[in-house]
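Participant: Input structure: structure.pdb, which contains PDB, C-alpha atoms and all ligand atoms.
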MODEL        1
ATOM      1  CA  MET U 200     115.465 119.182 147.037  1.00  0.00           C
ATOM      2  CA  ALA U 201     115.361 122.752 145.808  1.00  0.00           C
ATOM      3  CA  THR U 202     115.738 126.053 147.606  1.00  0.00           C
ATOM      4  CA  GLY U 203     114.136 129.413 147.088  1.00  0.00           C
ATOM      5  CA  SER U 204     114.236 132.935 148.388  1.00  0.00           C
ATOM      6  CA  CYS U 205     112.891 136.438 148.138  1.00  0.00           C
ATOM      7  CA  VAL U 206     114.910 139.013 146.247  1.00  0.00           C
ATOM      8  CA  CYS U 207     116.570 140.462 149.384  1.00  0.00           C
ATOM      9  CA  GLY U 208     117.493 136.990 150.646  1.00  0.00           C
ATOM     10  CA  LYS U 209     115.953 137.289 154.110  1.00  0.00           C
ATOM     11  CA  ALA U 210     113.166 134.761 153.600  1.00  0.00           C
ATOM     12  CA  THR U 211     114.481 131.475 152.256  1.00  0.00           C
ATOM     13  CA  TYR U 212     112.911 128.050 151.953  1.00  0.00           C
ATOM     14  CA  THR U 213     113.576 124.485 150.986  1.00  0.00           C
ATOM     15  CA  LEU U 214     111.318 122.241 148.946  1.00  0.00           C
ATOM     16  CA  LYS U 215     111.465 118.488 149.294  1.00  0.00           C
ATOM     17  CA  GLY U 216     110.653 116.160 146.472  1.00  0.00           C
ATOM     18  CA  GLN U 217     111.786 115.580 142.915  1.00  0.00           C
ATOM     19  CA  PRO U 218     110.451 116.713 140.561  1.00  0.00           C
ATOM     20  CA  LEU U 219     109.379 119.905 142.260  1.00  0.00           C
ATOM     21  CA  ALA U 220     105.705 119.480 141.647  1.00  0.00           C
ATOM     22  CA  ARG U 221     103.734 116.523 140.393  1.00  0.00           C
ATOM     23  CA  SER U 222     100.153 117.636 140.379  1.00  0.00           C
ATOM     24  CA  ALA U 223      99.687 121.194 139.228  1.00  0.00           C
ATOM     25  CA  GLN U 224     101.892 123.797 137.675  1.00  0.00           C
ATOM     26  CA  ALA U 225      99.690 126.630 136.542  1.00  0.00           C
ATOM     27  CA  ILE U 226     100.100 129.935 134.815  1.00  0.00           C
ATOM     28  CA  CYS U 227      97.277 132.380 135.457  1.00  0.00           C
ATOM     29  CA  HIS U 228      96.666 135.289 133.107  1.00  0.00           C
ATOM     30  CA  CYS U 229      93.908 136.958 135.114  1.00  0.00           C
ATOM     31  CA  HIS U 230      93.912 140.624 136.099  1.00  0.00           C
ATOM     32  CA  ASP U 231      94.274 139.796 139.802  1.00  0.00           C
ATOM     33  CA  CYS U 232      97.397 137.666 139.310  1.00  0.00           C
ATOM     34  CA  ARG U 233      98.777 140.324 136.992  1.00  0.00           C
ATOM     35  CA  ARG U 234      98.483 142.968 139.700  1.00  0.00           C
ATOM     36  CA  LEU U 235      99.720 140.549 142.341  1.00  0.00           C
ATOM     37  CA  THR U 236     102.969 139.932 140.486  1.00  0.00           C
ATOM     38  CA  GLY U 237     103.268 143.254 138.687  1.00  0.00           C
ATOM     39  CA  SER U 238     103.844 141.221 135.538  1.00  0.00           C
ATOM     40  CA  ALA U 239     101.936 139.692 132.623  1.00  0.00           C
ATOM     41  CA  PHE U 240     100.952 136.496 134.481  1.00  0.00           C
ATOM     42  CA  THR U 241     101.724 134.451 137.555  1.00  0.00           C
ATOM     43  CA  TYR U 242     103.317 131.006 137.598  1.00  0.00           C
ATOM     44  CA  SER U 243     102.614 128.788 140.610  1.00  0.00           C
ATOM     45  CA  LEU U 244     103.798 125.309 141.538  1.00  0.00           C
ATOM     46  CA  GLN U 245     101.497 123.392 143.830  1.00  0.00           C
ATOM     47  CA  VAL U 246     103.472 121.734 146.626  1.00  0.00           C
ATOM     48  CA  ARG U 247     102.436 119.929 149.780  1.00  0.00           C
ATOM     49  CA  LYS U 248     102.832 122.017 152.935  1.00  0.00           C
ATOM     50  CA  GLU U 249     104.947 119.358 154.625  1.00  0.00           C
ATOM     51  CA  ASP U 250     107.470 119.574 151.778  1.00  0.00           C
ATOM     52  CA  PHE U 251     108.001 123.310 152.344  1.00  0.00           C
ATOM     53  CA  ALA U 252     110.243 124.704 155.114  1.00  0.00           C
ATOM     54  CA  LEU U 253     110.767 128.420 155.688  1.00  0.00           C
ATOM     55  CA  PHE U 254     113.895 130.000 157.210  1.00  0.00           C
ATOM     56  CA  ASP U 255     114.952 133.459 158.347  1.00  0.00           C
ATOM     57  CA  ASN U 256     118.280 134.071 156.651  1.00  0.00           C
ATOM     58  CA  SER U 257     118.834 137.587 158.038  1.00  0.00           C
ATOM     59  CA  GLY U 258     120.857 136.461 161.044  1.00  0.00           C
ATOM     60  CA  SER U 259     119.063 139.180 162.980  1.00  0.00           C
ATOM     61  CA  THR U 260     117.166 138.837 166.224  1.00  0.00           C
ATOM     62  CA  ASP U 261     115.331 142.100 165.573  1.00  0.00           C
ATOM     63  CA  SER U 262     111.679 141.073 165.425  1.00  0.00           C
ATOM     64  CA  ALA U 263     110.308 144.502 164.466  1.00  0.00           C
ATOM     65  CA  THR U 264     109.550 143.249 160.972  1.00  0.00           C
ATOM     66  CA  PRO U 265     107.846 139.884 160.572  1.00  0.00           C
ATOM     67  CA  LEU U 266     109.586 137.388 158.300  1.00  0.00           C
ATOM     68  CA  LEU U 267     106.448 137.164 156.173  1.00  0.00           C
ATOM     69  CA  ARG U 268     103.467 139.439 155.702  1.00  0.00           C
ATOM     70  CA  GLU U 269     100.178 137.794 154.773  1.00  0.00           C
ATOM     71  CA  THR U 270      97.505 139.508 152.700  1.00  0.00           C
ATOM     72  CA  LYS U 271      94.149 138.170 151.564  1.00  0.00           C
ATOM     73  CA  PHE U 272      92.451 138.971 148.296  1.00  0.00           C
ATOM     74  CA  THR U 273      89.552 137.604 146.267  1.00  0.00           C
ATOM     75  CA  HIS U 274      90.704 135.945 143.065  1.00  0.00           C
ATOM     76  CA  ILE U 275      88.615 136.404 139.902  1.00  0.00           C
ATOM     77  CA  SER U 276      87.564 132.750 140.211  1.00  0.00           C
ATOM     78  CA  GLY U 277      85.743 133.662 143.435  1.00  0.00           C
ATOM     79  CA  VAL U 278      88.053 131.974 145.929  1.00  0.00           C
ATOM     80  CA  THR U 279      89.810 133.809 148.723  1.00  0.00           C
ATOM     81  CA  MET U 280      93.576 133.616 148.423  1.00  0.00           C
ATOM     82  CA  LYS U 281      96.198 134.571 150.947  1.00  0.00           C
ATOM     83  CA  PHE U 282      99.657 135.479 149.736  1.00  0.00           C
ATOM     84  CA  SER U 283     102.773 135.492 151.869  1.00  0.00           C
ATOM     85  CA  ALA U 284     105.471 138.033 151.098  1.00  0.00           C
ATOM     86  CA  CYS U 285     108.853 138.838 152.644  1.00  0.00           C
ATOM     87  CA  GLY U 286     108.317 141.348 155.453  1.00  0.00           C
ATOM     88  CA  ASP U 287     111.248 143.405 154.193  1.00  0.00           C
ATOM     89  CA  CYS U 288     111.346 143.363 150.391  1.00  0.00           C
ATOM     90  CA  GLY U 289     107.769 142.292 149.662  1.00  0.00           C
ATOM     91  CA  THR U 290     108.623 139.451 147.267  1.00  0.00           C
ATOM     92  CA  ARG U 291     105.614 137.124 147.122  1.00  0.00           C
ATOM     93  CA  LEU U 292     106.792 133.612 147.923  1.00  0.00           C
ATOM     94  CA  TYR U 293     103.561 131.630 147.894  1.00  0.00           C
ATOM     95  CA  LYS U 294      99.778 131.738 147.924  1.00  0.00           C
ATOM     96  CA  GLN U 295      97.186 129.624 149.675  1.00  0.00           C
ATOM     97  CA  VAL U 296      93.631 129.055 148.485  1.00  0.00           C
ATOM     98  CA  GLU U 297      91.163 129.110 151.348  1.00  0.00           C
ATOM     99  CA  SER U 298      89.151 125.950 150.692  1.00  0.00           C
ATOM    100  CA  PRO U 299      89.171 122.452 152.213  1.00  0.00           C
ATOM    101  CA  GLU U 300      90.434 120.811 149.007  1.00  0.00           C
ATOM    102  CA  HIS U 301      93.394 123.204 148.835  1.00  0.00           C
ATOM    103  CA  GLU U 302      94.192 122.970 152.562  1.00  0.00           C
ATOM    104  CA  PRO U 303      97.163 120.586 152.108  1.00  0.00           C
ATOM    105  CA  PHE U 304      98.882 122.780 149.501  1.00  0.00           C
ATOM    106  CA  LEU U 305     100.882 125.925 148.927  1.00  0.00           C
ATOM    107  CA  LEU U 306     101.119 127.596 145.541  1.00  0.00           C
ATOM    108  CA  VAL U 307     104.780 128.554 145.421  1.00  0.00           C
ATOM    109  CA  GLN U 308     105.684 131.363 143.041  1.00  0.00           C
ATOM    110  CA  ALA U 309     107.886 129.528 140.538  1.00  0.00           C
ATOM    111  CA  GLY U 310     110.242 132.432 139.981  1.00  0.00           C
ATOM    112  CA  THR U 311     111.401 132.378 143.609  1.00  0.00           C
ATOM    113  CA  ILE U 312     112.806 128.829 143.285  1.00  0.00           C
ATOM    114  CA  ILE U 313     116.530 128.473 142.712  1.00  0.00           C
ATOM    115  CA  ASP U 314     118.430 125.231 142.522  1.00  0.00           C
ATOM    116  CA  ARG U 315     120.798 123.707 145.020  1.00  0.00           C
ATOM    117  CA  GLY U 316     123.791 125.325 143.390  1.00  0.00           C
ATOM    118  CA  GLY U 317     122.263 128.764 143.719  1.00  0.00           C
ATOM    119  CA  ASP U 318     121.649 129.028 139.993  1.00  0.00           C
ATOM    120  CA  LYS U 319     119.814 132.310 139.623  1.00  0.00           C
ATOM    121  CA  ASP U 320     118.375 131.187 136.290  1.00  0.00           C
ATOM    122  CA  GLY U 321     115.870 129.401 138.424  1.00  0.00           C
ATOM    123  CA  GLN U 322     114.942 125.755 138.570  1.00  0.00           C
ATOM    124  CA  GLY U 323     111.322 126.634 139.250  1.00  0.00           C
ATOM    125  CA  VAL U 324     110.588 128.271 135.940  1.00  0.00           C
ATOM    126  CA  GLN U 325     112.304 125.402 134.074  1.00  0.00           C
ATOM    127  CA  VAL U 326     109.425 123.151 135.142  1.00  0.00           C
ATOM    128  CA  LYS U 327     106.982 123.246 132.247  1.00  0.00           C
ATOM    129  CA  PRO U 328     103.458 124.301 133.250  1.00  0.00           C
ATOM    130  CA  ASP U 329     100.640 121.818 132.790  1.00  0.00           C
ATOM    131  CA  MET U 330      97.859 124.359 132.481  1.00  0.00           C
ATOM    132  CA  GLU U 331      97.177 127.957 131.587  1.00  0.00           C
ATOM    133  CA  LEU U 332      94.222 129.589 133.316  1.00  0.00           C
ATOM    134  CA  TRP U 333      92.080 132.595 132.406  1.00  0.00           C
ATOM    135  CA  THR U 334      93.486 132.559 128.898  1.00  0.00           C
ATOM    136  CA  LYS U 335      90.731 134.943 127.783  1.00  0.00           C
ATOM    137  CA  HIS U 336      92.693 137.630 129.634  1.00  0.00           C
ATOM    138  CA  ARG U 337      96.069 136.591 128.212  1.00  0.00           C
ATOM    139  CA  ALA U 338      98.086 139.466 126.774  1.00  0.00           C
ATOM    140  CA  SER U 339      97.684 139.459 122.989  1.00  0.00           C
ATOM    141  CA  TRP U 340     101.420 139.064 122.355  1.00  0.00           C
ATOM    142  CA  ILE U 341     101.750 135.856 124.436  1.00  0.00           C
ATOM    143  CA  PRO U 342     101.121 132.646 122.468  1.00  0.00           C
ATOM    144  CA  ALA U 343      99.553 129.541 124.029  1.00  0.00           C
ATOM    145  CA  ILE U 344     102.211 127.138 125.302  1.00  0.00           C
ATOM    146  CA  ASP U 345     102.373 124.034 123.114  1.00  0.00           C
ATOM    147  CA  GLY U 346     100.942 120.926 124.740  1.00  0.00           C
ATOM    148  CA  VAL U 347      99.619 122.733 127.807  1.00  0.00           C
ATOM    149  CA  VAL U 348      95.947 122.579 128.860  1.00  0.00           C
ATOM    150  CA  GLN U 349      94.202 125.865 128.046  1.00  0.00           C
ATOM    151  CA  LYS U 350      91.321 127.114 130.152  1.00  0.00           C
ATOM    152  CA  GLN U 351      89.368 130.231 129.204  1.00  0.00           C
ATOM    153  CA  GLU U 352      88.518 130.684 132.877  1.00  0.00           C
ATOM    154  CA  PHE U 353      88.936 128.308 135.759  1.00  0.00           C
TER
HETATM  155 ZN    ZN S 401     113.071 139.783 151.146  1.00  0.00          ZN
HETATM  156 ZN    ZN S 402      94.736 134.542 138.519  1.00  0.00          ZN
ENDMDL
END
How does the structure come out when it is put into structure tokens?
Facilitator:
Amino acid sequence: MATGSCVCGKATYTLKGQPLARSAQAICHCHDCRRLTGSAFTYSLQVRKEDFALFDNSGSTDSATPLLRETKFTHISGVTMKFSACGDCGTRLYKQVESPEHEPFLLVQAGTIIDRGGDKDGQGVQVKPDMELWTKHRASWIPAIDGVVQKQEF
């Protein structure tokens, strides 16, 4: 089992299962994911919803701010995605794709996963991706990851 949290520590979660993800670990280089993360790409681990448990670590009973804020956007691939971010610090913890085939899954932002010992180096990003998406929008200084499926779009 692994744990994860937002940067302020209010929204924490546990992830059952080992390894963390078996089916899909994807980096997306598209413009939408770039804006979403404020970085060069996003890295998501697909996990089953029943393996994910969210906790409020603030110790506060003040309900003025929701634990998570949810925002929808249309991804370049045409699907509607909903991302869930800490209500206080805004760290995006996971996304959901609104389609029947994706119903059972969450796309957890890999960088929010830390290991059981609280290692801030992050267990999540140590999981090697199995595909890179929208590589035609990849920043020119980022090389393709060796042995990882490359998709121009998705
Ligand atoms: Zn937070
Ligand atoms: Zn994307």
Participant: Could you tell me, counting all atoms listed in the file, which protein and nucleic acid residues lie no more than 6 Å from ligand ZN 401 (chain S), written as a ChimeraX atom specification?
Facilitator: /U:205-210,285,287-288,290
Participant: Kindly indicate which residue among U:Arg247, U:Lys294, U:His274, U:Arg234 lies nearest to ligand ZN 402 (chain S), using only C-alpha atoms and all ligand atoms for the distances.
Facilitator: U:His274
Participant: Would you write out, as a list of chain:residue names, every residue that the PyMOL selection byres (((chain U and resi 300-310) around 8) and not hetatm) captures in this file?
Facilitator: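 Output from the PyMOL selection byres (((chain U and resi 300-310) around 8) and not hetatm), applied to this file: U:Thr241, U:Tyr242, U:Ser243, U:Leu244, U:Gln245, U:Val246, U:Arg247, U:Lys248, U:Arg291, U:Leu292, U:Tyr293, U:Lys294, U:Gln295, U:Val296, U:Glu297, U:Ser298, U:Pro299, U:Thr311, U:Ile312, U:Ile313, U:Gly321, U:Gly323, U:Val324.
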Participant: As a list of chain:residue names, please: every protein or nucleic acid residue near ligand ZN 402 (chain S) (cut-off 6 Å, counting only C-alpha atoms and all ligand atoms).
Facilitator: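 My answer, listing the contacting residues, is U:Cys227, U:His228, U:Cys229, U:Asp231, U:Cys232.
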Participant: For Val347 in chain U, list every protein, DNA or RNA residue within 12 Å, evaluated using all atoms listed in the file, and leave out those in the same chain fewer than 6 positions away; present the list as a list in words.
Facilitator: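 The neighbour list is Ala223, Gln224, Ala225, Ile226, Lys327, Pro328, Asp329, Met330, Glu331, Leu332 and Thr334 of chain U.
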Participant: For this file, the PyMOL selection byres (((chain U and resi 239) around 8) and not hetatm) selects which residues, as a ChimeraX atom specification?
Facilitator: /U:228,233,236-238,240-241,337-338
Participant: With distances taken over only C-alpha atoms, which of U:His230, U:Ala284, U:Phe272, U:Thr211 is nearest to Asp255 in chain U?
Facilitator: U:Thr211
Participant: Which residue gives the smallest distance to Leu267 in chain U among U:Thr213, U:Gln351, U:Ser204, U:Thr279, with only C-alpha atoms counted?
Facilitator: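 Between U:Thr213, U:Gln351, U:Ser204, U:Thr279, the residue approaching Leu267 in chain U most closely is U:Ser204.
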Participant: Once 4 Å is added on each side, what are the centre and the three edge lengths, in Å to one decimal, of the axis-aligned box enclosing the listed atoms of range 322-335 of chain U? Present them as AutoDock Vina command-line options.
Facilitator:
--center_x 102.8 --center_y 128.4 --center_z 133.5 --size_x 32.2 --size_y 21.1 --size_z 19.5
Participant: For CA of Asp345 in chain U and CA of Leu214 in chain U, determine how far apart the two atoms are, in Å to one decimal place.
Facilitator: 27.4 Å
Participant: As an exercise, work out the distance from CA of Gln325 in chain U to CA of Ile344 in chain U in Å and give it to one decimal place.
Facilitator: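 A separation of 13.5 Å between them.
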Participant: What does the structure give for the distance between CA of Glu269 in chain U and CA of Gly289 in chain U, in Å to one decimal?
Facilitator: 10.2 Å
Participant: Report as number ranges by chain the full result of the PyMOL selection byres (((chain U and resi 270) around 7) and not hetatm) when it is applied to this structure.
Facilitator: U: 268-269, 271-272, 281-283
Participant: Pick the closest to Ser257 in chain U from U:Leu235, U:Thr273, U:Gly286, U:Pro342: which is it, counting all atoms listed in the file?
Facilitator: U:Gly286
Participant: Calculated over all atoms listed in the file, which of the candidates U:Gly346, U:Thr202, U:Val326, U:Lys335 has the smallest distance to Phe254 in chain U?
Facilitator: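 Of the candidates, the smallest distance to Phe254 in chain U is held by U:Thr202.
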